[in-house]
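Novice: So here's model.pdb (PDB, C-alpha atoms).
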ATOM      1  CA  MET G   1      21.132  34.965  -9.303  1.00  0.00           C
ATOM      2  CA  SER G   2      22.882  32.282  -7.261  1.00  0.00           C
ATOM      3  CA  LYS G   3      23.291  32.478  -3.484  1.00  0.00           C
ATOM      4  CA  PHE G   4      27.036  32.912  -4.022  1.00  0.00           C
ATOM      5  CA  ASP G   5      26.445  35.902  -6.309  1.00  0.00           C
ATOM      6  CA  GLN G   6      24.007  37.368  -3.801  1.00  0.00           C
ATOM      7  CA  ALA G   7      26.508  37.003  -0.965  1.00  0.00           C
ATOM      8  CA  LYS G   8      29.235  38.551  -3.096  1.00  0.00           C
ATOM      9  CA  LEU G   9      27.008  41.489  -3.967  1.00  0.00           C
ATOM     10  CA  LEU G  10      26.045  42.038  -0.335  1.00  0.00           C
ATOM     11  CA  MET G  11      29.729  42.048   0.628  1.00  0.00           C
ATOM     12  CA  LYS G  12      30.356  44.705  -2.020  1.00  0.00           C
ATOM     13  CA  ALA G  13      27.455  46.751  -0.678  1.00  0.00           C
ATOM     14  CA  ARG G  14      28.836  46.574   2.865  1.00  0.00           C
ATOM     15  CA  LYS G  15      32.287  47.581   1.627  1.00  0.00           C
ATOM     16  CA  LEU G  16      30.754  50.529  -0.215  1.00  0.00           C
ATOM     17  CA  GLN G  17      28.882  51.570   2.921  1.00  0.00           C
ATOM     18  CA  LYS G  18      32.142  51.575   4.892  1.00  0.00           C
ATOM     19  CA  GLU G  19      33.777  53.671   2.177  1.00  0.00           C
ATOM     20  CA  LEU G  20      30.924  56.185   2.376  1.00  0.00           C
ATOM     21  CA  GLN G  21      31.337  56.358   6.152  1.00  0.00           C
ATOM     22  CA  LYS G  22      34.956  57.432   5.658  1.00  0.00           C
ATOM     23  CA  GLU G  23      34.255  59.997   2.915  1.00  0.00           C
ATOM     24  CA  VAL G  24      33.975  63.535   4.284  1.00  0.00           C
ATOM     25  CA  ILE G  25      32.637  66.412   2.224  1.00  0.00           C
ATOM     26  CA  THR G  26      33.206  70.001   3.368  1.00  0.00           C
ATOM     27  CA  VAL G  27      30.872  72.775   2.270  1.00  0.00           C
ATOM     28  CA  GLU G  28      31.294  76.495   2.972  1.00  0.00           C
ATOM     29  CA  ALA G  29      28.774  79.313   3.005  1.00  0.00           C
ATOM     30  CA  GLY G  30      29.051  83.018   3.631  1.00  0.00           C
ATOM     31  CA  GLU G  31      32.569  83.180   2.183  1.00  0.00           C
ATOM     32  CA  GLY G  32      33.843  80.748   4.804  1.00  0.00           C
ATOM     33  CA  ALA G  33      31.783  82.035   7.726  1.00  0.00           C
ATOM     34  CA  VAL G  34      30.137  78.607   8.011  1.00  0.00           C
ATOM     35  CA  LYS G  35      31.657  75.221   7.211  1.00  0.00           C
ATOM     36  CA  VAL G  36      29.823  71.906   7.340  1.00  0.00           C
ATOM     37  CA  ASP G  37      31.531  68.506   7.239  1.00  0.00           C
ATOM     38  CA  ILE G  38      29.288  65.596   6.274  1.00  0.00           C
ATOM     39  CA  THR G  39      30.023  61.946   5.529  1.00  0.00           C
ATOM     40  CA  GLY G  40      29.006  60.017   2.433  1.00  0.00           C
ATOM     41  CA  GLU G  41      26.296  58.512   4.638  1.00  0.00           C
ATOM     42  CA  GLN G  42      24.792  61.964   5.179  1.00  0.00           C
ATOM     43  CA  LYS G  43      25.852  62.210   8.805  1.00  0.00           C
ATOM     44  CA  ILE G  44      27.010  65.651   9.854  1.00  0.00           C
ATOM     45  CA  LYS G  45      30.420  65.368  11.478  1.00  0.00           C
ATOM     46  CA  LYS G  46      31.092  69.009  12.286  1.00  0.00           C
ATOM     47  CA  ILE G  47      29.757  72.523  11.886  1.00  0.00           C
ATOM     48  CA  HIS G  48      32.274  75.342  12.224  1.00  0.00           C
ATOM     49  CA  ILE G  49      31.321  79.006  12.552  1.00  0.00           C
ATOM     50  CA  ASP G  50      34.039  81.612  12.104  1.00  0.00           C
ATOM     51  CA  SER G  51      33.165  84.207  14.750  1.00  0.00           C
ATOM     52  CA  GLU G  52      35.222  86.871  12.959  1.00  0.00           C
ATOM     53  CA  ARG G  53      33.022  86.607   9.863  1.00  0.00           C
ATOM     54  CA  VAL G  54      29.662  86.537  11.643  1.00  0.00           C
ATOM     55  CA  ASP G  55      27.740  89.619  12.702  1.00  0.00           C
ATOM     56  CA  LEU G  56      25.965  88.635  15.921  1.00  0.00           C
ATOM     57  CA  ASP G  57      23.478  91.442  15.320  1.00  0.00           C
ATOM     58  CA  ASP G  58      22.340  89.584  12.178  1.00  0.00           C
ATOM     59  CA  ILE G  59      21.538  86.061  13.367  1.00  0.00           C
ATOM     60  CA  GLY G  60      19.140  85.692  10.430  1.00  0.00           C
ATOM     61  CA  GLN G  61      22.116  85.820   8.056  1.00  0.00           C
ATOM     62  CA  LEU G  62      23.937  83.144  10.063  1.00  0.00           C
ATOM     63  CA  GLU G  63      20.849  80.933  10.001  1.00  0.00           C
ATOM     64  CA  MET G  64      20.603  81.378   6.240  1.00  0.00           C
ATOM     65  CA  TRP G  65      24.275  80.412   5.773  1.00  0.00           C
ATOM     66  CA  LEU G  66      23.818  77.348   7.983  1.00  0.00           C
ATOM     67  CA  GLU G  67      20.741  76.250   6.056  1.00  0.00           C
ATOM     68  CA  GLU G  68      22.500  76.831   2.732  1.00  0.00           C
ATOM     69  CA  ALA G  69      25.608  74.891   3.782  1.00  0.00           C
ATOM     70  CA  ILE G  70      23.646  71.967   5.239  1.00  0.00           C
ATOM     71  CA  LYS G  71      21.406  71.651   2.171  1.00  0.00           C
ATOM     72  CA  GLU G  72      24.424  71.727  -0.158  1.00  0.00           C
ATOM     73  CA  ALA G  73      26.303  69.209   2.006  1.00  0.00           C
ATOM     74  CA  ILE G  74      23.371  66.781   1.937  1.00  0.00           C
ATOM     75  CA  LEU G  75      22.999  67.210  -1.823  1.00  0.00           C
ATOM     76  CA  ARG G  76      26.702  66.520  -2.433  1.00  0.00           C
ATOM     77  CA  SER G  77      26.601  63.524  -0.095  1.00  0.00           C
ATOM     78  CA  GLN G  78      23.605  62.080  -1.943  1.00  0.00           C
ATOM     79  CA  LYS G  79      25.336  62.627  -5.280  1.00  0.00           C
ATOM     80  CA  LEU G  80      28.506  60.901  -4.051  1.00  0.00           C
ATOM     81  CA  ALA G  81      26.528  57.905  -2.776  1.00  0.00           C
ATOM     82  CA  ALA G  82      24.582  57.661  -6.039  1.00  0.00           C
ATOM     83  CA  GLU G  83      27.773  57.764  -8.103  1.00  0.00           C
ATOM     84  CA  LYS G  84      29.366  55.019  -6.019  1.00  0.00           C
ATOM     85  CA  MET G  85      26.201  52.902  -6.081  1.00  0.00           C
ATOM     86  CA  GLN G  86      25.582  53.228  -9.831  1.00  0.00           C
ATOM     87  CA  PRO G  87      27.658  50.179 -10.855  1.00  0.00           C
ATOM     88  CA  MET G  88      25.735  48.002  -8.386  1.00  0.00           C
ATOM     89  CA  MET G  89      22.188  49.177  -9.161  1.00  0.00           C
ATOM     90  CA  GLY G  90      21.379  46.566 -11.793  1.00  0.00           C
ATOM     91  CA  ALA G  91      22.547  43.714  -9.610  1.00  0.00           C
ATOM     92  CA  LEU G  92      20.726  45.068  -6.555  1.00  0.00           C
ATOM     93  CA  SER G  93      17.449  45.242  -8.497  1.00  0.00           C
ATOM     94  CA  GLN G  94      17.775  41.500  -9.135  1.00  0.00           C
ATOM     95  CA  LEU G  95      17.832  41.011  -5.348  1.00  0.00           C
ATOM     96  CA  GLY G  96      14.657  43.030  -4.979  1.00  0.00           C
ATOM     97  CA  MET G  97      16.388  46.017  -3.344  1.00  0.00           C
TER      98      MET G  97
END
How does the structure come out when it is put into structure tokens?

Specialist:
Amino acid sequence: MSKFDQAKLLMKARKLQKELQKEVITVEAGEGAVKVDITGEQKIKKIHIDSERVDLDDIGQLEMWLEEAIKEAILRSQKLAAEKMQPMMGALSQLGM
């Protein structure tokens, strides 16, 4: 692979990374009691808890919903990144990445 092709591929990778930064995935748990917003880079942007749907006497349930929402958000973020990276994988392997 020529240096020009390598530079072009790296520019595409950087562009893809910026796109993933802008992508926001929202996941709900507990019928909307908990919402998690995460970027395509797997950075949590916001966690929202609807106080009207949460029983403060059952914090264990809230913790379970948070865990469920965060796990699902990370999974969806990873899937999104993998789908966007798929077309570049063969070329990246030639660079040793």

Novice: Which is closer to Val27 in chain G than all the others in G:Ile70, G:Ile49, G:Val54, G:Leu9, using all atoms listed in the file?

Specialist: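 The answer is G:Ile70, which sits nearest to Val27 in chain G.
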
Novice: Mind dumping a table of every range 14-72 of chain G residue within 9 Å of range 77-88 of chain G, with the nearest atom pair and its distance in Å to one decimal, using all atoms listed in the file, sorted by chain and rising number, as a tab-separated table?

Specialist:
residue	atom	partner	partner_atom	distance
G:Leu16	CA	G:Lys84	CA	7.5
G:Gln17	CA	G:Ala81	CA	8.8
G:Leu20	CA	G:Ala81	CA	7.0
G:Glu23	CA	G:Ser77	CA	8.9
G:Val24	CA	G:Ser77	CA	8.6
G:Ile25	CA	G:Ser77	CA	7.1
G:Ile38	CA	G:Ser77	CA	7.2
G:Thr39	CA	G:Ser77	CA	6.8
G:Gly40	CA	G:Ser77	CA	4.9
G:Glu41	CA	G:Ser77	CA	6.9
G:Gln42	CA	G:Ser77	CA	5.8
G:Glu72	CA	G:Ser77	CA	8.5

Novice: Rounded to one decimal place, report the CA of Asp37 in chain G-CA of Ala73 in chain G distance in Å.

Specialist: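 Those two atoms sit 7.4 Å apart.
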
Novice: Adding 8 Å on each side of the box along x, y and z that holds all listed atoms of range 75-89 of chain G, could you give its centre and edge lengths in Å to one decimal, as AutoDock Vina command-line options?

Specialist:
--center_x 25.8 --center_y 57.6 --center_z -5.5 --size_x 23.2 --size_y 35.2 --size_z 26.8

Novice: How many Å lie between CA of Leu56 in chain G and CA of Thr26 in chain G, rounded to one decimal?

Specialist: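 Separation between CA of Leu56 in chain G and CA of Thr26 in chain G: 23.6 Å.
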
Novice: So the first atom is CA of Lys22 in chain G and the second is CA of Lys8 in chain G; what is the distance between them in Å, to one decimal place?

Specialist: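 Distance reported for this atom pair: 21.6 Å.
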
Novice: Can you tell me which residues surround Glu52 in chain G at a distance of at most 12 Å, considering all atoms listed in the file, apart from same-chain residues fewer than 4 positions away, and format the answer as a list of chain:residue names?

Specialist: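 Counting only the stated atoms, we get G:Gly30, G:Glu31, G:Gly32, G:Ala33, G:Val34, G:His48, G:Leu56.
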
Novice: Calculated over all atoms listed in the file, which of the candidates G:Lys3, G:Lys12, G:Arg76, G:Lys35 has the smallest distance to Leu62 in chain G?

Specialist: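 Closest to Leu62 in chain G of all the choices is G:Lys35.
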
Novice: Place a sphere of radius 7 Å on (28.7, 69.3, 12.8) in the file coordinates and name every protein, DNA or RNA residue with an atom inside or on its surface, counting all atoms listed in the file; give the answer as a PyMOL selection string.

Specialist: chain G and resi 36-37+44-47
